[in-house]
>>> print(open('entry.tsv').read())   # TSV, C-alpha atoms and all ligand atoms
chain	number	residue	atom	x	y	z
A	25	MET	CA	0.00	0.00	0.00
A	26	LYS	CA	1.28	3.41	-0.94
A	27	THR	CA	-0.16	6.69	0.24
A	28	THR	CA	-0.94	9.03	-2.64
A	29	ASP	CA	-2.06	12.59	-3.18
A	30	LEU	CA	-4.83	11.38	-5.47
A	31	THR	CA	-8.22	13.01	-4.85
A	32	MET	CA	-11.69	11.61	-5.39
A	33	ALA	CA	-11.83	13.42	-8.72
A	34	ASP	CA	-8.96	11.27	-10.03
A	35	LEU	CA	-10.68	7.97	-9.30
A	36	VAL	CA	-12.58	5.73	-11.67
A	37	TRP	CA	-15.72	3.75	-10.80
A	38	ASP	CA	-15.11	0.20	-11.99
A	39	GLU	CA	-17.98	-2.16	-12.86
A	40	GLU	CA	-16.13	-5.36	-11.91
A	41	PHE	CA	-14.55	-4.13	-8.68
A	42	SER	CA	-17.69	-2.35	-7.49
A	43	GLN	CA	-19.58	-5.64	-7.58
A	44	VAL	CA	-17.15	-7.76	-5.58
A	45	ASN	CA	-18.60	-6.76	-2.23
A	46	ARG	CA	-22.34	-6.94	-1.79
A	47	PRO	CA	-24.27	-3.66	-1.53
A	48	HIS	CA	-24.96	-2.33	1.94
A	49	THR	CA	-28.37	-2.92	3.45
A	50	PRO	CA	-30.10	0.30	4.62
A	51	SER	CA	-29.12	-0.45	8.22
A	52	GLU	CA	-25.48	-1.05	7.28
A	53	ALA	CA	-25.40	2.24	5.37
A	54	GLU	CA	-26.85	4.00	8.41
A	55	GLU	CA	-24.26	2.35	10.64
A	56	LEU	CA	-21.44	3.54	8.39
A	57	GLN	CA	-22.78	7.09	8.45
A	58	LYS	CA	-23.09	7.06	12.26
A	59	SER	CA	-19.62	5.62	12.75
A	60	ILE	CA	-18.16	8.45	10.69
A	61	GLU	CA	-20.24	11.37	11.91
A	62	PHE	CA	-20.50	10.39	15.57
A	63	GLY	CA	-17.13	8.70	15.96
A	64	LYS	CA	-14.17	9.99	17.99
A	65	VAL	CA	-12.88	11.76	14.89
A	66	GLN	CA	-15.33	13.02	12.30
A	67	LYS	CA	-13.60	11.51	9.31
A	68	ILE	CA	-13.36	8.42	7.13
A	69	THR	CA	-10.51	6.48	8.71
A	70	ASP	CA	-10.04	3.66	6.20
A	71	PRO	CA	-8.46	4.74	2.93
A	72	ILE	CA	-9.96	4.20	-0.51
A	73	LEU	CA	-7.83	1.60	-2.32
A	74	VAL	CA	-7.03	1.89	-6.01
A	75	ILE	CA	-4.79	0.23	-8.57
A	76	LYS	CA	-3.13	1.89	-11.56
A	77	GLU	CA	-4.31	0.58	-14.90
A	78	ASN	CA	-3.64	2.21	-18.29
A	79	GLY	CA	-3.06	5.56	-16.60
A	80	ASN	CA	-6.40	5.35	-14.73
A	81	TYR	CA	-7.05	4.72	-11.06
A	82	PRO	CA	-9.96	2.31	-10.72
A	83	VAL	CA	-11.21	1.92	-7.14
A	84	ILE	CA	-10.92	-1.62	-5.83
A	85	ASP	CA	-12.10	-1.14	-2.27
A	86	GLY	CA	-14.08	1.62	-0.59
A	87	TYR	CA	-17.17	1.99	-2.74
A	88	HIS	CA	-19.49	2.34	0.24
A	89	ARG	CA	-17.28	5.03	1.81
A	90	MET	CA	-16.92	6.79	-1.52
A	91	GLN	CA	-20.68	6.83	-2.06
A	92	TYR	CA	-21.26	8.13	1.44
A	93	TRP	CA	-18.74	10.93	0.99
A	94	THR	CA	-20.05	11.99	-2.43
A	95	ASN	CA	-23.72	11.84	-1.47
A	96	ARG	CA	-23.49	13.29	2.01
A	97	GLY	CA	-20.12	13.42	3.77
A	98	HIS	CA	-18.63	16.36	1.86
A	99	SER	CA	-21.70	18.49	2.52
A	100	VAL	CA	-21.55	17.96	6.29
A	101	GLY	CA	-17.86	18.82	6.52
A	102	ILE	CA	-16.32	15.34	6.47
A	103	PRO	CA	-12.84	15.61	4.91
A	104	GLU	CA	-12.08	13.71	1.72
A	105	PRO	CA	-10.86	10.17	2.44
A	106	ARG	CA	-7.24	9.25	1.80
A	107	VAL	CA	-6.43	7.23	-1.31
A	108	GLU	CA	-3.87	4.43	-1.31
A	109	LEU	CA	-2.37	2.74	-4.31
A	110	MET	CA	-2.02	-1.05	-4.42
A	111	GLY	CA	0.68	-2.48	-6.66
A	112	MET	CA	-1.53	-5.17	-8.20
A	113	THR	CA	-2.99	-6.30	-11.47
A	114	ARG	CA	-6.77	-6.49	-11.92
A	115	ARG	CA	-6.76	-10.26	-11.41
A	116	GLU	CA	-4.63	-10.02	-8.28
A	117	ALA	CA	-6.86	-7.28	-6.90
A	118	VAL	CA	-10.04	-9.38	-7.23
A	119	TRP	CA	-8.26	-12.35	-5.67
A	120	TRP	CA	-6.98	-10.19	-2.83
A	121	MET	CA	-10.44	-8.83	-2.08
A	122	ARG	CA	-12.15	-12.20	-2.20
A	123	VAL	CA	-9.55	-14.34	-0.45
A	124	ARG	CA	-7.20	-12.20	1.62
A	125	GLN	CA	-9.28	-9.37	2.85
A	126	GLY	CA	-11.69	-11.48	4.89
A	127	GLY	CA	-9.87	-11.02	8.16
A	128	ARG	CA	-9.58	-7.28	7.78
A	129	ARG	CA	-13.26	-6.60	7.39
A	130	ASN	CA	-15.89	-7.53	9.86
A	131	ASN	CA	-17.63	-9.62	7.26
A	132	ASP	CA	-19.64	-12.48	8.64
A	133	ALA	CA	-19.04	-16.14	7.91
A	134	GLU	CA	-21.60	-16.33	5.08
A	135	GLU	CA	-20.00	-13.57	3.06
A	136	LEU	CA	-16.50	-14.96	3.60
A	137	SER	CA	-17.70	-18.36	2.41
A	138	TYR	CA	-19.35	-16.76	-0.64
A	139	GLN	CA	-16.19	-14.84	-1.53
A	140	ARG	CA	-13.94	-17.93	-1.29
A	141	GLY	CA	-16.33	-19.91	-3.47
A	142	LYS	CA	-16.61	-17.12	-6.02
A	143	ALA	CA	-12.81	-16.72	-6.08
A	144	LEU	CA	-12.42	-20.41	-6.89
A	145	ARG	CA	-14.96	-20.24	-9.72
A	146	GLU	CA	-13.45	-17.09	-11.23
A	147	GLU	CA	-9.92	-18.39	-11.00
A	148	VAL	CA	-10.86	-21.75	-12.56
A	149	ALA	CA	-12.51	-19.88	-15.46
A	150	LEU	CA	-9.41	-17.72	-15.97
A	151	GLU	CA	-7.07	-20.71	-15.78
A	152	ARG	CA	-9.08	-22.52	-18.46
A	153	GLN	CA	-7.93	-19.88	-20.94
A	154	MET	CA	-4.27	-20.63	-20.13
A	155	GLU	CA	-2.08	-23.12	-21.86
A	156	SER	CA	-1.49	-25.40	-18.90
A	157	PRO	CA	-4.23	-24.57	-16.43
A	158	ARG	CA	-3.94	-25.47	-12.77
A	159	SER	CA	-6.46	-27.98	-11.52
A	160	VAL	CA	-9.49	-27.04	-9.42
A	161	GLY	CA	-7.86	-28.87	-6.50
A	162	GLU	CA	-4.67	-26.84	-6.77
A	163	ILE	CA	-6.53	-23.55	-6.81
A	164	ALA	CA	-8.81	-24.65	-3.96
A	165	GLN	CA	-5.73	-25.57	-1.95
A	166	GLN	CA	-4.20	-22.13	-2.46
A	167	ILE	CA	-7.41	-20.40	-1.38
A	168	ALA	CA	-7.61	-22.72	1.63
A	169	GLU	CA	-4.08	-21.81	2.72
A	170	GLU	CA	-4.46	-18.08	2.20
A	171	ALA	CA	-7.88	-17.88	3.83
A	172	GLY	CA	-7.04	-20.27	6.66
A	173	VAL	CA	-9.74	-22.86	6.02
A	174	SER	CA	-9.73	-26.45	4.74
A	175	GLU	CA	-9.76	-27.35	1.07
A	176	ARG	CA	-13.03	-29.21	1.58
A	177	THR	CA	-14.59	-26.01	2.92
A	178	VAL	CA	-13.49	-24.11	-0.20
A	179	LEU	CA	-15.08	-26.74	-2.46
A	180	ARG	CA	-18.34	-26.47	-0.52
A	181	ASP	CA	-18.07	-22.66	-0.68
A	182	ARG	CA	-17.94	-22.97	-4.45
A	183	GLN	CA	-21.19	-24.93	-4.56
A	184	LYS	CA	-23.00	-22.59	-2.20
A	185	SER	CA	-21.78	-19.45	-4.00
A	186	GLU	CA	-23.02	-20.94	-7.26
A	187	ALA	CA	-26.41	-21.59	-5.67
A	188	ILE	CA	-26.56	-18.05	-4.25
A	189	ASP	CA	-25.75	-16.55	-7.66
A	190	LYS	CA	-28.53	-18.61	-9.21
A	191	ILE	CA	-30.95	-17.33	-6.57
A	192	GLY	CA	-29.58	-13.81	-7.18
A	193	GLU	CA	-30.51	-13.97	-10.86
A	194	VAL	CA	-34.14	-14.20	-9.76
A	195	ASP	CA	-34.04	-12.18	-6.54
A	196	ALA	CA	-30.89	-10.10	-6.07
A	197	GLU	CA	-32.04	-8.65	-2.78
A	198	MET	CA	-32.60	-12.09	-1.23
A	199	ALA	CA	-29.19	-13.30	-2.46
A	200	ASN	CA	-27.59	-10.33	-0.70
A	201	ARG	CA	-29.56	-11.03	2.45
A	202	ILE	CA	-28.29	-14.62	2.43
A	203	ARG	CA	-24.72	-13.42	1.84
A	204	GLY	CA	-25.07	-10.94	4.67
A	205	GLY	CA	-26.37	-13.62	7.03
A	206	GLU	CA	-29.57	-11.60	7.41
A	207	THR	CA	-31.60	-14.55	6.13
A	208	SER	CA	-30.08	-17.85	7.11
A	209	VAL	CA	-30.15	-20.61	4.48
A	210	SER	CA	-28.16	-23.80	4.99
A	211	PHE	CA	-25.83	-25.29	2.38
A	212	ASP	CA	-28.28	-28.06	1.46
A	213	ASP	CA	-31.24	-25.68	1.32
A	214	ALA	CA	-29.41	-23.21	-0.94
A	215	VAL	CA	-28.32	-25.96	-3.32
A	216	GLN	CA	-31.83	-27.43	-3.47
A	217	MET	CA	-33.41	-24.01	-3.99
A	218	SER	CA	-31.07	-23.25	-6.87
A	219	HIS	CA	-32.31	-26.33	-8.75
A	220	GLY	CA	-35.80	-24.83	-9.07
A	221	SER	CA	-37.23	-22.95	-12.03
A	222	PRO	CA	-37.09	-19.14	-11.85
A	223	GLN	CA	-40.77	-19.15	-10.83
A	224	GLN	CA	-40.09	-21.66	-8.05
A	225	ILE	CA	-37.04	-19.74	-6.84
A	226	ASN	CA	-39.15	-16.59	-6.79
A	227	ASP	CA	-41.85	-18.28	-4.68
A	228	GLN	CA	-39.23	-19.79	-2.37
A	229	CYS	CA	-37.66	-16.37	-1.81
A	230	GLU	CA	-41.12	-15.10	-0.86
A	231	ASN	CA	-41.39	-17.90	1.70
A	232	LEU	CA	-38.06	-16.79	3.21
A	233	ARG	CA	-39.20	-13.18	3.18
A	234	ASP	CA	-42.36	-14.20	5.05
A	235	GLY	CA	-40.16	-15.80	7.70
A	236	ARG	CA	-40.87	-19.41	6.71
A	237	ARG	CA	-38.53	-22.07	5.43
A	238	TRP	CA	-37.79	-21.85	1.69
A	239	ASN	CA	-40.02	-24.85	0.90
A	240	ASP	CA	-42.80	-23.99	3.35
A	241	TYR	CA	-45.55	-22.33	1.35
A	242	GLY	CA	-47.73	-21.81	4.37
A	243	PRO	CA	-50.98	-23.54	5.22
A	244	GLU	CA	-53.08	-24.95	2.41
A	245	PRO	CA	-55.97	-22.63	1.60
A	246	SER	CA	-59.31	-24.10	2.62
A	247	GLY	CA	-62.57	-24.27	0.70
A	248	GLU	CA	-63.60	-21.00	2.36
A	249	ASP	CA	-60.81	-19.23	0.45
A	250	ALA	CA	-62.17	-20.26	-2.95
A	251	PRO	CA	-63.37	-17.37	-5.10
A	252	GLU	CA	-67.14	-17.01	-5.04
A	253	GLU	CA	-67.37	-16.80	-8.78
A	254	VAL	CA	-67.28	-20.43	-9.92
A	255	GLN	CA	-64.66	-21.16	-12.56
A	256	HIS	CA	-63.82	-24.50	-14.18
A	257	GLU	CA	-67.21	-25.80	-13.09
A	258	LYS	CA	-67.09	-28.76	-15.46
A	259	GLU	CA	-63.65	-29.92	-14.33
A	260	LEU	CA	-64.60	-29.54	-10.69
A	261	ARG	CA	-67.72	-31.64	-11.24
A	262	LEU	CA	-65.69	-34.42	-12.90
A	263	ILE	CA	-63.27	-34.60	-9.96
A	264	ARG	CA	-66.18	-34.51	-7.53
A	265	ASN	CA	-67.81	-37.44	-9.38
A	266	ASP	CA	-64.53	-39.41	-9.42
A	267	ILE	CA	-64.13	-39.02	-5.70
A	268	ALA	CA	-67.82	-39.89	-5.14
A	269	THR	CA	-67.36	-43.13	-7.13
A	270	VAL	CA	-64.33	-44.18	-5.11
A	271	GLN	CA	-66.05	-43.16	-1.90
A	272	LYS	CA	-69.13	-45.23	-2.71
A	273	ARG	CA	-67.11	-48.36	-3.58
A	274	ILE	CA	-64.90	-48.22	-0.53
A	275	ILE	CA	-67.70	-47.54	1.91
A	276	VAL	CA	-70.07	-50.17	0.43
A	277	ASP	CA	-67.26	-52.77	0.35
A	278	LEU	CA	-66.22	-52.09	3.91
A	279	ARG	CA	-69.75	-52.20	5.24
A	280	THR	CA	-70.42	-55.47	3.35
A	281	TYR	CA	-67.26	-57.02	4.82
A	282	LEU	CA	-68.21	-55.82	8.23
A	283	ILE	CA	-71.59	-57.52	8.00
A	284	LYS	CA	-70.03	-60.78	6.76
A	285	LEU	CA	-67.44	-60.64	9.49
A	286	SER	CA	-70.04	-60.02	12.10
A	287	GLN	CA	-72.02	-63.08	10.95
A	288	LYS	CA	-68.89	-65.25	11.16
A	289	ILE	CA	-67.83	-64.07	14.55
A	290	HIS	CA	-71.27	-63.91	16.03
A	291	PRO	CA	-73.17	-66.67	14.18
A	292	ASN	CA	-76.17	-66.54	16.49
A	293	GLY	CA	-75.96	-62.89	17.27
A	294	GLN	CA	-74.23	-63.85	20.54
A	295	PRO	CA	-70.93	-62.08	21.26
A	296	ARG	CA	-68.05	-64.50	21.74
A	297	LYS	CA	-65.40	-64.27	24.41
A	298	PHE	CA	-62.83	-62.72	22.03
A	299	GLY	CA	-65.16	-60.27	20.38
A	300	PHE	CA	-64.18	-58.24	17.33
A	301	PRO	CA	-64.43	-54.46	17.97
A	302	MET	CA	-67.48	-53.99	15.72
A	303	LYS	CA	-68.35	-50.54	16.98
A	304	GLU	CA	-64.85	-49.15	16.48
A	305	PHE	CA	-64.64	-50.65	13.00
A	306	ASP	CA	-67.99	-49.13	12.12
A	307	GLN	CA	-66.80	-45.75	13.39
A	308	ALA	CA	-63.62	-46.05	11.32
A	309	ILE	CA	-65.71	-46.54	8.18
A	310	THR	CA	-67.70	-43.42	9.00
A	311	THR	CA	-64.44	-41.48	9.45
A	312	ILE	CA	-63.15	-42.66	6.07
A	313	ASP	CA	-66.44	-41.63	4.51
A	314	GLY	CA	-66.07	-38.16	6.03
A	315	ARG	CA	-62.47	-37.79	4.89
A	316	LEU	CA	-63.36	-38.63	1.31
A	317	GLU	CA	-66.31	-36.26	1.49
A	318	ALA	CA	-63.93	-33.51	2.59
A	319	TRP	CA	-61.66	-34.23	-0.39
A	320	LYS	CA	-64.34	-33.21	-2.83
A	321	PRO	CA	-63.37	-29.93	-4.50
A	322	ALA	CA	-64.84	-26.82	-2.95
A	323	GLY	CA	-63.56	-24.48	-5.65
A	324	VAL	CA	-60.59	-23.24	-7.62
A	325	CYS	CA	-57.34	-22.38	-5.79
A	326	PRO	CA	-57.22	-18.58	-5.39
A	327	ASP	CA	-53.39	-18.55	-5.62
A	328	CYS	CA	-52.94	-20.29	-8.97
A	329	GLU	CA	-56.45	-20.44	-10.47
A	330	TRP	CA	-56.27	-24.00	-11.70
A	331	GLN	CA	-52.59	-23.87	-12.73
A	332	GLY	CA	-51.44	-25.90	-9.73
A	333	CYS	CA	-49.14	-24.38	-7.12
A	334	PRO	CA	-47.27	-25.64	-4.07
A	335	ARG	CA	-49.90	-24.34	-1.67
A	336	CYS	CA	-52.71	-26.43	-3.20
A	337	GLN	CA	-50.37	-29.43	-3.63
A	338	LYS	CA	-50.34	-28.75	-7.39
A	339	ARG	CA	-54.02	-29.70	-7.81
A	340	GLY	CA	-55.26	-26.26	-8.82
A	341	TRP	CA	-58.37	-26.73	-6.70
A	342	LEU	CA	-59.19	-26.63	-3.03
A	343	LYS	CA	-60.46	-29.41	-0.86
A	344	GLY	CA	-63.76	-28.97	0.96
A	345	LEU	CA	-64.07	-28.30	4.64
A	346	GLN	CA	-62.86	-30.94	7.05
B	401	ZN	ZN	-52.92	-23.44	-6.24
>>> encode(input="entry.tsv", output="structure tokens")
Amino acid sequence: MKTTDLTMADLVWDEEFSQVNRPHTPSEAEELQKSIEFGKVQKITDPILVIKENGNYPVIDGYHRMQYWTNRGHSVGIPEPRVELMGMTRREAVWWMRVRQGGRRNNDAEELSYQRGKALREEVALERQMESPRSVGEIAQQIAEEAGVSERTVLRDRQKSEAIDKIGEVDAEMANRIRGGETSVSFDDAVQMSHGSPQQINDQCENLRDGRRWNDYGPEPSGEDAPEEVQHEKELRLIRNDIATVQKRIIVDLRTYLIKLSQKIHPNGQPRKFGFPMKEFDQAITTIDGRLEAWKPAGVCPDCEWQGCPRCQKRGWLKGLQ
């Protein structure tokens, strides 16, 4: 690191570098502002880090501080932050931010894991363009050593970071919340979520946002929730008839068996010593009858309107009242 007399006006906003660290949440941005304006010294203590590239000075680290100063800090008398020059290439700078900088920042475990995984993926992609590329294992080992974790951890980080990026393509805000540890999603859950279609991922992110597990779509809507206006009347009637047919067969069969059984066990209508629980069996048949009755469609699912969604178990219609 080399102190410079560069000013903010000399610096270049860089698309790649600015996206390495996740954006601040509103509360993090507020925290940064407070720490600067109500700290012991009213100034930005950490320098803005840049590299020199083709005569320009792209910023590698300090985007949040830079944004704060430009949007607010300068107007409330906060002095311009210092700028330090790093003697690095672009590739080295990204590596340094993802792998080496972890300890310096108070990033939480999720973000560190994401950065290691992303570093591995980026480096593997870059190596593939080389003549004799290093293996995934070799690169993972280097990251493991420099970041102070095991190689196995780095390989898992890669999978989870891939899953988070996939989620981020559908819902960038949720991906950042997962990276920031604000919404906790386990390794297995993230990987499973990322296998869904964009529509599924979107719905799963909504579940997380509502404070449920990613695959918990909430309670199944009941017949009372069906829209009053009857749609798909014909289809609903067909399903109702199907269920009625099954219901009739099962109940008639069971009752017939029960009568036969009763005649065998009690030939003269006299209960034997080891009596069969006739009453309970009869009650069980009534329960089955009621359950099947309750299965009959009460209307179209208000969430998906016959398309089938996770909340209605993909049927598209709602069961009647239990
Ligand atoms: Zn539905």
>>> residues_around(input="entry.tsv", residues="A:Asp327", least_positions_apart="4", cutoff="10 Å", atoms="only C-alpha atoms", output="PyMOL selection string")
chain A and resi 245+249-250+331-336+340-341
>>> atom_distance(input="entry.tsv", atom1="atom CA of A:Asp29", atom2="atom CA of A:Met121")
23.0 Å
>>> closest_residue(input="entry.tsv", among="A:Ala322, A:Leu136, A:Ile191, A:Leu262", to="A:Ser246", atoms="all atoms listed in the file")
A:Ala322
>>> closest_residue(input="entry.tsv", among="A:Leu232, A:Ala187, A:Thr28, A:Glu248", to="A:Gly220", atoms="only C-alpha atoms")
A:Ala187
>>> residues_around(input="entry.tsv", residues="A:Ala133", least_positions_apart="6", cutoff="9 Å", atoms="all atoms listed in the file", output="number ranges by chain")
A: 203-205
>>> write_last_selection(input="entry.tsv", atoms="C-alpha atoms", output="tab-separated table (two decimals), keeping the file's coordinate frame")
chain	number	residue	atom	x	y	z
A	203	ARG	CA	-24.72	-13.42	1.84
A	204	GLY	CA	-25.07	-10.94	4.67
A	205	GLY	CA	-26.37	-13.62	7.03
>>> closest_residue(input="entry.tsv", among="A:Gly172, A:Gly314, A:Pro301, A:Pro243", to="ligand ZN 401 (chain B)", atoms="all atoms listed in the file")
A:Pro243
>>> closest_residue(input="entry.tsv", among="A:Glu244, A:Asp277, A:Asp38, A:Asp234", to="A:Asn80", atoms="all atoms listed in the file")
A:Asp38
>>> atom_distance(input="entry.tsv", atom1="atom CA of A:Arg115", atom2="atom CA of A:Met198")
27.8 Å
